[in-house]
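Participant: Sending over a structure as structure tokens; questions will come in a sec.
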Amino acid sequence: LAQYPMLREEMERIVTQHIRDRESRTKDQVMLLIDIELAYMNTNHEDFIGFANAQQKSSQMSKKKAAGNQDEIMVIRKGWLTINNIGIMKGGAKEYWFVLTAETLSWYKDDEEKEKKYMLPVDNLKLKDIEKSFMSSKHIFALFNTEHRNVYKDYRQLELASESQEEVDSWKASFLRAGVYPERSVDKEKVSHFLFITSSFCL
């Protein structure tokens with residue numbers, strides 16, 4: 001090839017280019033092999049705990065975390081309220097000690113908070129006013145589920161009563177802090193005006 005310098009240069013160029021191309025592909029294959037090796041999971045290894053054990057450990061950690069944060073949940077209000085819509089056959093209206101937090105509404109037999117009667121999550125709850133009965137002197141409001149589910153046992157709404165309107169208003173303000181908002185009321189005068197205009201166009 002010494003006699004043909006141009007041929008030698010061309011051969012060197014072709015061989016060098018071929019080596020460079022193959023070098024790039026070789027690197028890609030080596031990296032792929034490394035990724036495959038790294039992705040392999042030896043399930044027989046002593047450090048491999050498996051899905052069931054991992055789920056159990058995760059559940060235990062969640063319970064410990066929940067127990068640790070239980071005391072940190074903000075208590076918004078405590079006080080006496082009467083559950084008003086329990087039938088006479090089931091004991092009738094009865095007064096309980098209520099504890100409202102940012103997540104739940106719980107009620108107890110008394111203010112010692114030892115015997116919990118029920119705990120109700122406040123998610124998807126709203127409140128509304130209940131007309132005062134002429135047979136009762138108490139002021140009443142109700143909690144209901146926006147997804148039309150029973151709120152308490154087989155009751156669609158939980159009617160809560162207090163002796164004074166000021167106490168009821170104070171509880172409503174506390175429920176607002178817990179994210180329980182009042183039911184939207186429709187302005188009757190606006191509805192009547194709308195119906196009057198609609199009927200006028202139809203005539």
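Residues are named by chain letter and number: chains run A, B, ... in the order of the structure tokens, numbers start at 1 in each chain, and ligands are numbered from 1 in the order shown.
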Hey, what's within 10 Å of region 99-102 of chain A if we count only C-alpha atoms and toss same-chain stuff fewer than 3 positions away? As a ChimeraX atom specification, please?
Facilitator: /A:73-80,96,105-108,111,113,119-123,171,174-180
Participant: Using only C-alpha atoms, which of the listed residues (A:Ser24, A:Gln17, A:Gln165, A:Asn85) sits closest to Tyr152 (chain A)?
Facilitator: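 Looking at the shortest contact to Tyr152 (chain A), the residue is A:Asn85.
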